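Only one structure is covered here, and it is reproduced in the block below.
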Amino acid sequence: MLDIAEELHRWVGQGRDFAVATVVAVGGSAPRQPGAALAVDSEGTAIGSVSGGCVEGAVYDLCRQALEDGETVLERFGYSDEDAFAVGLTCGGVIDILVTPVRGGVFPAALGAAAAGEAAALARITDGPADLMGRALLVRPDGSYEGGLGGHPELDRTAAAEARAMLDAGRTGTVTIGEDGSRCGQPLTLLVESSVPAPRMIVFGAIDFAAALVRVGKFLGYHVTVCDARPVFATPARFPDADEVVVQWPHEYLARTEVDGRTVLCVLTHDAKFDVPLLELALKLPVAYIGAMGSRRTHEDRNRRLREAGVTELELARLRSPIGLDLGARTPEETALSIGAEIVAGRRGGSGVSLTGAHTPIHHDGPDAAPAGRIGSVA
């Protein structure tokens with residue numbers, strides 16, 4: 001639900017009644033991951049998607065019905081092949097959809113937090129006793145929470161602890177606990193949706209390739225920073241799509257700025273006086289991706305300089321250089337696409353090979369299997 005939080009937050013402010021259908025479990029080649037949502041208001045306006053089109057009509061009707069009767073329902077949609085008019089997923093997957101009328105509770109606060117880009121997790125019961133279905137808890141990064149799941153008093157505390165752990169990791173997914181808050185007893189399944197600030201992409205080198213990469217990074221949901229030591233090149237006018245443009249020596253900026261396990265670093269300067277001190281630091285940081293532009297000769301020379309600076313072979317193995325996938329790219333835009341594709345492949349666990357004729361899965365459960373933007377990855 002938090003993937004459409006901004007619009008739903010506006011609906012709340014306008015006093016609209018609405019119901020939200022959320023993907024809570026998937027199997028096989030399902031088109032959307034847990035947390036994807038479709039919302040319908042009392043006037044019949046719809047936003048979002050749960051299946052990319054396969055079952056949207058049926059889910060829309062479920063939302064309208066939930067608005068009328070005020071009941072939370074769980075519906076499963078599977079593969080439909082022989083009957084062309086049957087409701088089902090042509091991709092062969094299975095999705096479980098939780099449909100909830102939103103009328104108060106912690107939902108407005110969760111939507112407000114997500115719309116403001118604040119870190120918060122929404123935990124909802126998606127499988128368990130009928131009287132507890134859909135009950136929700138909003139959990140903050142400090143472990144405080146509001147709302148309630150009902151049942152045993154320990155349930156809220158246990159659910160909040162599980163949700164906080166997923167929030168810390170920026171993950172969206174399901175977790176199973178006992179109805180009494182323990183790992184024993186009748187199990188409850190919680191869908192935990194983590195709303196976290198956008199991950200960072202830091203592009204070092206204010207060149208024309210960087211301008212194209214900024215646009216790709218924004219398209220992929222990153223908060224993009226361009227950094228270069230040369231003030232004549234590092235200007236907002238040259239990079240209007242960047243969230244920020246920093247004039248500073250790259251390694252000095254990297255030493256003082258905040259990065260995390262979702263951050264991607266793209267080094268496009270291919271100049272040893274910038275690259276070596278920058279990569280010497282970058283390769284020691286727990287970031288998701290480090291790529292450096294340059295020819296194979298530049299790469300070998302850079303590696304030699306890094307080894308002389310004390311960088312280990314294990315650290316060098318983290319460096320993606322020459323940067324990007326082999327697309328035969330020539331233009332800045334094509335090169336930016338190849339870099340973005342390599343970042344996505346690493347995040348999703350993809351091989352980077354053509355799907356035509358391959359026997360690899362179309363959808364991967366990689367280390368970060370969800371959009372890079374506000375909603376975290378699927379556990």
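In the structure tokens, chains take letters A, B, ... by order of appearance, with residues numbered from 1 within each chain and ligands from 1 in the order shown.
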
Contacts of region 130-231 of chain A with region 249-253 of chain A up to 8 Å, shortest pair per row, only C-alpha atoms, as CSV:
```
residue,atom,partner,partner_atom,distance
A:Phe204,CA,A:Pro250,CA,6.5
A:Cys227,CA,A:Pro250,CA,6.3
A:Asp228,CA,A:Pro250,CA,6.2
A:Ala229,CA,A:Trp249,CA,4.6
```

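Within the 12 Å cut-off around Gly150 (chain A), using only C-alpha atoms and omitting residues fewer than 2 positions from it on the same chain, the listed residues are Arg124, Ile125, Gly128, Pro129, Ala130, Asp131, Leu132, Met133, Gly134, Arg135, Ala136, Leu137, Gly147, Gly148, His152, Pro153, Glu154, Leu155, Asp156, Arg157, Ala159, Glu179, Asp180, Gly181 and Leu188 of chain A.
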
### Message
as a PyMOL selection string, please: the residues near Phe107 (chain A) (cut-off 9 Å, only C-alpha atoms, same-chain neighbours under 2 positions excluded).
### Response
chain A and resi 102-105+109-112+122+136-138

### Task
Could you please determine the separation between CA of Ser51 (chain A) and CA of Ala169 (chain A) in Å, to one decimal place?
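CA of Ala169 (chain A) lies 25.8 Å from CA of Ser51 (chain A).
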
### Message
Please list as a ChimeraX atom specification every residue within 10 Å of region 272-280 of chain A, counting only C-alpha atoms and excluding residues in the same chain fewer than 4 positions away.
### Response
/A:204-205,228-229,249-255,265,267-268,284-285,290-293,298,301-307,309-312,315-316,319

### Task
Could you find all residues in region 75-292 of chain A that DSSP calls strand (DSSP E or B) from the backbone, and write them as number ranges by chain?
A: 75-77, 79, 89, 94-102, 120-127, 136-139, 145-147, 171-178, 187-195, 200-204, 223-228, 244-247, 264-267, 289-292

### Task
With a distance cut-off of 8 Å and only C-alpha atoms, select the neighbouring residues of region 43-48 of chain A, excluding the residue or stretch itself and same-chain residues fewer than 4 positions from it, and output the selection as a list in words.
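Result of the neighbour search: Ile4, Ala36, Ala37, Leu38, Ala39, Tyr60 and Arg64 of chain A.
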
### Query
Leaving out Leu67 (chain A) and any residue of its chain fewer than 4 positions from it, which residues lie within 10 Å of it when counting only C-alpha atoms, given as a PyMOL selection string?
chain A and resi 17-20+40-42+61-63+71-72+99-103

### Task
Compile the contact shell of region 241-247 of chain A as a PyMOL selection string: residues with an atom at most 7 Å away, counting only C-alpha atoms, same-chain residues fewer than 4 positions apart removed.
chain A and resi 214-215+223-231+234-236

### Task
as number ranges by chain, please: all residues of region 180-351 of chain A that backbone DSSP puts in helix (DSSP H, G or I).
A: 208-219, 250-256, 272-282, 296-308, 313-316, 332-348

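Interatomic distance, CA of Val55 (chain A) to CA of Ala123 (chain A): 24.7 Å.
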
Give me the region 232-281 of chain A side of the contact with region 338-351 of chain A, cut-off 9 Å, one line per residue showing its nearest atom pair and distance in Å at one decimal, counting only C-alpha atoms, sorted by chain and residue number, as a tab-separated table.
```
residue	atom	partner	partner_atom	distance
A:Arg262	CA	A:Arg347	CA	8.9
A:Val264	CA	A:Ile343	CA	7.9
A:Cys266	CA	A:Ile339	CA	8.6
```

Writing out the chosen residues with N, CA and C atoms as a PDB file, in the first residue's frame:
```
ATOM      1  N   ARG A 262      22.461   0.169   0.426  1.00  0.00           N
ATOM      2  CA  ARG A 262      21.721   0.332  -0.828  1.00  0.00           C
ATOM      3  C   ARG A 262      22.383   1.345  -1.755  1.00  0.00           C
ATOM      4  N   VAL A 264      24.781   3.198  -4.377  1.00  0.00           N
ATOM      5  CA  VAL A 264      25.596   2.824  -5.539  1.00  0.00           C
ATOM      6  C   VAL A 264      26.531   3.984  -5.864  1.00  0.00           C
ATOM      7  N   CYS A 266      29.183   5.452  -8.709  1.00  0.00           N
ATOM      8  CA  CYS A 266      29.566   5.367 -10.117  1.00  0.00           C
ATOM      9  C   CYS A 266      30.692   6.375 -10.369  1.00  0.00           C
TER      10      CYS A 266
END
```

### Query
A:Ala163, A:Leu213, A:Val24, A:Ile97: which is nearest Ala120 (chain A), counting only C-alpha atoms?
A:Ala163

### Query
What is the CA of Val287 (chain A)-CA of Val259 (chain A) distance in Å, reported with one decimal?
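Here the two named atoms are 6.8 Å from each other.
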
### Task
Go through A:Glu75, A:Asp260, A:Glu6, A:Glu333 one by one, measure the shortest atom-to-atom distance of each to Gly217 (chain A) using only C-alpha atoms, and give the residue with the smallest value.
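Under the stated criterion, the closest residue is A:Glu333.
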